[in-house]
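Enquirer: Structure below; questions to follow.
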Amino acid sequence: MRRYEILLCMVLLISSLLGCTRRVESDDPQIRIGILTIGSSRAEKIEGMRKGLQEMGWTDKQVDYRIHDVNNNQERLVEGAKDLLALRPNIVVATGVVEAEAIFEAMKNTPPIPVVLIGVTSPSELELKNRFHASGIPVTGVDNGHVELTAKRIELLRELFPERQSVVVLYDPRLRASMLALQKANDAAQQFDWKIEPVPVQNDRDIANLRSRIFTKGESMLILPSYYLELKYKEIRDISFKTRTPVMGLYETETYAGYTASYGISYFDQGYQSARLVARMMTSKDNSDIPFEKPDVVQLKVNMKAIEQLDIAVSPIGMSYSEKIAVIRE
């Protein structure tokens with residue numbers, strides 16, 4: 001049994017002993033969870049949370065999930081958050097940083113509702129947590145660890161492809177999370193004498209420039225946290241295939257889509273881990289200071305089909321750390 005499954009069982013047991021959980025025999029929804037998501041790509045986070053709550057005894061008859069999806073239209077997020085709050089949920093869930101910002105903005109002129117954030121980057125360093133607390137809004141969530149994992153991702157790229165000595169680091173200069181990760185990459189490069197080349201990518205013109213860039217046989221690519229870069233995974237994958245350049249992503253979903261590798265916590269696992277925090281928000285008498293959690297599970301995934309497509313050598317030593325994938329999904 002994995003560590004977070006044990007912790008989920010412990011939370012359920014404690015809640016039961018304290019008499020905090022709702023009665024399971026009721027067929028009427030007892031909790032309404034409002035979920036704001038920017039697009040269907042985050043659906044696995046929601047599914048993971050639902051699975052975790054079900055395993056803790058919270059059935060779909062007890063929990064009314066209200067999902068508001070803005071279909072990748074970031075400009076509609078605040079409006080979507082306001083629509084969600086109008087439903088008067090007991091708890092609001094954001095499936096990422098951009099959703100969290102929208103919920104914070106929408107909640108400025110409304111009574112505070114507890115908030116759970118699924119997979120956000122460095123909530124303390126981004127002041128996101130402090131802003132919620134300063135406004136009297138209880139908040140907690142799962143930190144996806146993207147900033148802290150940056151140096152390890154570079155190290156794994158070098159382990160997998162030792163002939164590739166230079167890393168092209170794609171970052172979004174608009175986002176503080178991306179810039180924090182870039183600083184980690186620069187620090188690691190200086191400490192370990194790694195060669196990196198930061199390349200800003202924040203719009204379609206930058207993607208076009210990347211497409212026309214001439215990659216050498218000694219280069220690989222690393223993706224830093226950015227919703228825009230996440231959205232453009234197919235374009236980046238195609239550039240990887242065309243230039244025969246391996247790419248390290250953030251999520252296993254990107255690896256299944258054709259990235260060479262990824263190192264991090266999956267969307268599903270982020271949601272699954274967040275379930276215990278949602279449960280604590282629902283059952284705790286004082287939910288104002290529930291701490292954020294670091295990832296329970298971090299995995300290296302390598303796509304063998306992508307490596308075959310690139311027709312490049314991969315180190316058996318590097319592969320020994322990985323879980324292998326043998327499919328490319330559109």
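Residues in the structure tokens are named by chain (A, B, ... in the order shown) and by number from 1 within that chain; ligands are numbered from 1 in the order shown.
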Could you pull out the residues in region 18-78 of chain A that DSSP calls strand (DSSP E or B) from the backbone, as a list in words?
Expert: Ile31, Arg32, Ile33, Gly34, Ile35, Leu36, Thr37, Val63, Asp64, Tyr65, Arg66, Ile67, His68 and Asp69 of chain A
Enquirer: List as CSV every residue of region 201-294 of chain A that is in contact with region 126-145 of chain A, defined as an atom at most 9 Å from one of its atoms (using only C-alpha atoms), together with the nearest atom pair and the distance in Å rounded to one decimal, sorted by chain and then rising number.
Expert:
```
residue,atom,partner,partner_atom,distance
A:Gly264,CA,A:Asn144,CA,7.6
A:Ile265,CA,A:Asn144,CA,6.6
A:Ser266,CA,A:Asn144,CA,8.9
A:Gln270,CA,A:Val142,CA,6.6
A:Gly271,CA,A:Val142,CA,8.4
A:Gln273,CA,A:Val142,CA,7.2
A:Ser274,CA,A:Val142,CA,6.1
A:Leu277,CA,A:Gly141,CA,6.7
A:Val278,CA,A:Gly141,CA,8.5
A:Met281,CA,A:Pro138,CA,8.6
A:Asn287,CA,A:Pro138,CA,6.2
A:Ser288,CA,A:Pro138,CA,4.5
A:Asp289,CA,A:Pro138,CA,7.0
A:Ile290,CA,A:Thr140,CA,5.8
A:Pro291,CA,A:Thr140,CA,5.9
A:Phe292,CA,A:Gly141,CA,4.9
A:Glu293,CA,A:Val142,CA,4.9
A:Lys294,CA,A:Asp143,CA,5.1
```
Enquirer: List every residue of region 119-152 of chain A that has an atom at most 12 Å from any atom of region 212-223 of chain A, giving for each one its closest atom pair and the distance in Å to one decimal, counting only C-alpha atoms, sorted by chain and then by ascending residue number, as a tab-separated table.
Expert:
```
residue	atom	partner	partner_atom	distance
A:His146	CA	A:Ile223	CA	10.2
A:Val147	CA	A:Ile223	CA	11.3
A:Leu149	CA	A:Ile223	CA	11.5
A:Thr150	CA	A:Leu222	CA	8.8
A:Ala151	CA	A:Leu222	CA	10.4
A:Lys152	CA	A:Leu222	CA	11.1
```
Enquirer: Would you return as a ChimeraX atom specification the members of region 43-268 of chain A that DSSP assigns to helix (DSSP H, G or I) on this structure's backbone?
Expert: /A:43-55,74-85,97-106,128-134,150-160,176-192,204-212,227-231,233-243,252-256,267-268
Enquirer: What's the 7 Å shell around region 31-45 of chain A, counting only C-alpha atoms, without same-chain residues fewer than 5 positions away, as a PDB file with C-alpha atoms, in the first residue's frame?
Expert:
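Output file out-v4.pdb follows:
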```pdb
ATOM      1  CA  GLN A  62     -23.172  12.359  -0.589  1.00  0.00           C
ATOM      2  CA  VAL A  63     -21.051  14.755  -2.666  1.00  0.00           C
ATOM      3  CA  ASP A  64     -22.491  17.034  -5.341  1.00  0.00           C
ATOM      4  CA  TYR A  65     -19.665  17.932  -7.760  1.00  0.00           C
ATOM      5  CA  ARG A  66     -20.275  21.149  -9.680  1.00  0.00           C
ATOM      6  CA  ILE A  67     -17.604  21.468 -12.377  1.00  0.00           C
ATOM      7  CA  HIS A  68     -17.162  24.736 -14.283  1.00  0.00           C
ATOM      8  CA  ASP A  69     -14.904  24.312 -17.336  1.00  0.00           C
ATOM      9  CA  VAL A  70     -14.032  27.461 -19.332  1.00  0.00           C
ATOM     10  CA  ASN A  71     -12.735  25.431 -22.297  1.00  0.00           C
ATOM     11  CA  ASN A  72      -9.205  26.875 -22.315  1.00  0.00           C
ATOM     12  CA  ASN A  73     -10.450  30.472 -22.396  1.00  0.00           C
ATOM     13  CA  GLN A  74      -8.342  32.083 -19.670  1.00  0.00           C
ATOM     14  CA  ALA A  81     -15.407  31.520 -10.727  1.00  0.00           C
ATOM     15  CA  LEU A  84     -19.406  28.820  -9.450  1.00  0.00           C
ATOM     16  CA  PRO A  89     -20.675  25.441  -2.669  1.00  0.00           C
ATOM     17  CA  ASN A  90     -19.349  24.290   0.706  1.00  0.00           C
ATOM     18  CA  ILE A  91     -15.822  24.025  -0.716  1.00  0.00           C
ATOM     19  CA  VAL A  92     -14.210  25.426  -3.853  1.00  0.00           C
ATOM     20  CA  VAL A  93     -11.509  23.474  -5.700  1.00  0.00           C
ATOM     21  CA  ALA A  94      -9.056  25.014  -8.191  1.00  0.00           C
ATOM     22  CA  THR A  95      -7.259  22.646 -10.561  1.00  0.00           C
ATOM     23  CA  GLU A  99      -7.879  28.891 -11.539  1.00  0.00           C
ATOM     24  CA  TYR A 267      -2.520  14.778 -12.570  1.00  0.00           C
ATOM     25  CA  PHE A 268      -4.411  11.804 -11.148  1.00  0.00           C
ATOM     26  CA  GLN A 270      -2.351  15.229  -7.462  1.00  0.00           C
ATOM     27  CA  GLY A 271      -6.121  14.879  -7.287  1.00  0.00           C
TER      28      GLY A 271
END
```
Enquirer: So, with only C-alpha atoms as the atoms that count, which of A:Leu175, A:Leu170, A:Arg205, A:Ala86 lies closest to Val98 (chain A)?
Expert: A:Leu175
Enquirer: So, counting only C-alpha atoms, which residue among A:Lys301, A:Arg276, A:Arg329, A:Arg88 is closest to Leu160 (chain A)?
Expert: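 That would be A:Lys301, the residue with the smallest distance to Leu160 (chain A).
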Enquirer: Pick the closest to Val78 (chain A) from A:Leu180, A:Val97, A:Met49, A:Met107: which is it, counting only C-alpha atoms?
Expert: A:Met107
Enquirer: What is the distance, in Å and to one decimal place, between CA of Pro225 (chain A) and CA of Leu250 (chain A)?
Expert: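 Separation between CA of Pro225 (chain A) and CA of Leu250 (chain A): 7.5 Å.
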Enquirer: Residues within 7 Å of Pro173 (chain A), please, as number ranges by chain. Count only C-alpha atoms; anything in the same chain fewer than 4 positions from it doesn't count.
Expert: A: 178-179, 200
Enquirer: Write a file of the just-selected residues containing N, CA, C and O atoms, as a JSON list (two decimals), in the first residue's frame.
Expert:
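The resulting file, result-v5.json, is reproduced below:
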```json
[["chain", "number", "residue", "atom", "x", "y", "z"],
["A", 178, "SER", "N", 7.49, 30.11, -13.36],
["A", 178, "SER", "CA", 8.44, 29.73, -14.41],
["A", 178, "SER", "C", 9.80, 30.38, -14.16],
["A", 178, "SER", "O", 10.85, 29.76, -14.35],
["A", 179, "MET", "N", 9.78, 31.64, -13.72],
["A", 179, "MET", "CA", 11.03, 32.34, -13.44],
["A", 179, "MET", "C", 11.74, 31.75, -12.22],
["A", 179, "MET", "O", 12.98, 31.68, -12.18],
["A", 200, "PRO", "N", 12.80, 31.92, -23.95],
["A", 200, "PRO", "CA", 11.45, 32.34, -23.55],
["A", 200, "PRO", "C", 10.40, 31.91, -24.57],
["A", 200, "PRO", "O", 10.60, 32.07, -25.78]]
```
Enquirer: Looking at A:Lys324, A:Glu330, A:Asp286, A:Gly57, which one is nearest to Asp238 (chain A), with distances taken over only C-alpha atoms?
Expert: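 Among the listed residues, the smallest separation from Asp238 (chain A) belongs to A:Glu330.
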Enquirer: In Å, how far is it from CA of Glu323 (chain A) to CA of Leu157 (chain A)?
Expert: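 Between CA of Glu323 (chain A) and CA of Leu157 (chain A) the gap is 14.5 Å.
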Enquirer: Using only C-alpha atoms, which protein or nucleic acid residues come within 7 Å of Gly258 (chain A)? Drop anything in the same chain fewer than 4 positions from it, and give the result as a PyMOL selection string.
Expert: chain A and resi 237+254+303+306+328
Enquirer: Compile the contact shell of region 206-210 of chain A as a list in words: residues with an atom at most 8 Å away, counting only C-alpha atoms, same-chain residues fewer than 3 positions apart removed.
Expert: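 Counting only C-alpha atoms, the residues come to Pro200, Val201, Gln202, Asn203, Arg213, Glu235, Ile236 and Ile239 of chain A.
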Enquirer: Once you have the residues from the selection above, write them out as an mmCIF file, in the first residue's frame, restricted to N, CA and C atoms.
Expert:
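And here is the file that came out, result_38.cif:
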```
data_model
loop_
_atom_site.group_PDB
_atom_site.id
_atom_site.type_symbol
_atom_site.label_atom_id
_atom_site.label_comp_id
_atom_site.auth_asym_id
_atom_site.auth_seq_id
_atom_site.Cartn_x
_atom_site.Cartn_y
_atom_site.Cartn_z
ATOM 1 N N PRO A 200 12.800 31.923 -23.953
ATOM 2 C CA PRO A 200 11.447 32.335 -23.549
ATOM 3 C C PRO A 200 10.398 31.905 -24.575
ATOM 4 N N VAL A 201 9.306 31.338 -24.092
ATOM 5 C CA VAL A 201 8.195 30.933 -24.962
ATOM 6 C C VAL A 201 6.891 31.324 -24.268
ATOM 7 N N GLN A 202 6.232 32.356 -24.821
ATOM 8 C CA GLN A 202 5.002 32.832 -24.201
ATOM 9 C C GLN A 202 3.863 33.076 -25.182
ATOM 10 N N ASN A 203 4.111 32.870 -26.492
ATOM 11 C CA ASN A 203 3.064 33.089 -27.477
ATOM 12 C C ASN A 203 3.359 32.259 -28.729
ATOM 13 N N ARG A 213 14.107 26.908 -35.221
ATOM 14 C CA ARG A 213 15.433 26.863 -34.606
ATOM 15 C C ARG A 213 16.202 25.632 -35.070
ATOM 16 N N GLU A 235 2.644 20.808 -30.157
ATOM 17 C CA GLU A 235 3.580 21.543 -31.005
ATOM 18 C C GLU A 235 5.024 21.257 -30.597
ATOM 19 N N ILE A 236 5.276 21.244 -29.275
ATOM 20 C CA ILE A 236 6.633 20.980 -28.784
ATOM 21 C C ILE A 236 7.038 19.538 -29.090
ATOM 22 N N ILE A 239 8.063 19.370 -32.683
ATOM 23 C CA ILE A 239 9.400 19.954 -32.850
ATOM 24 C C ILE A 239 10.461 18.952 -32.398
#
```
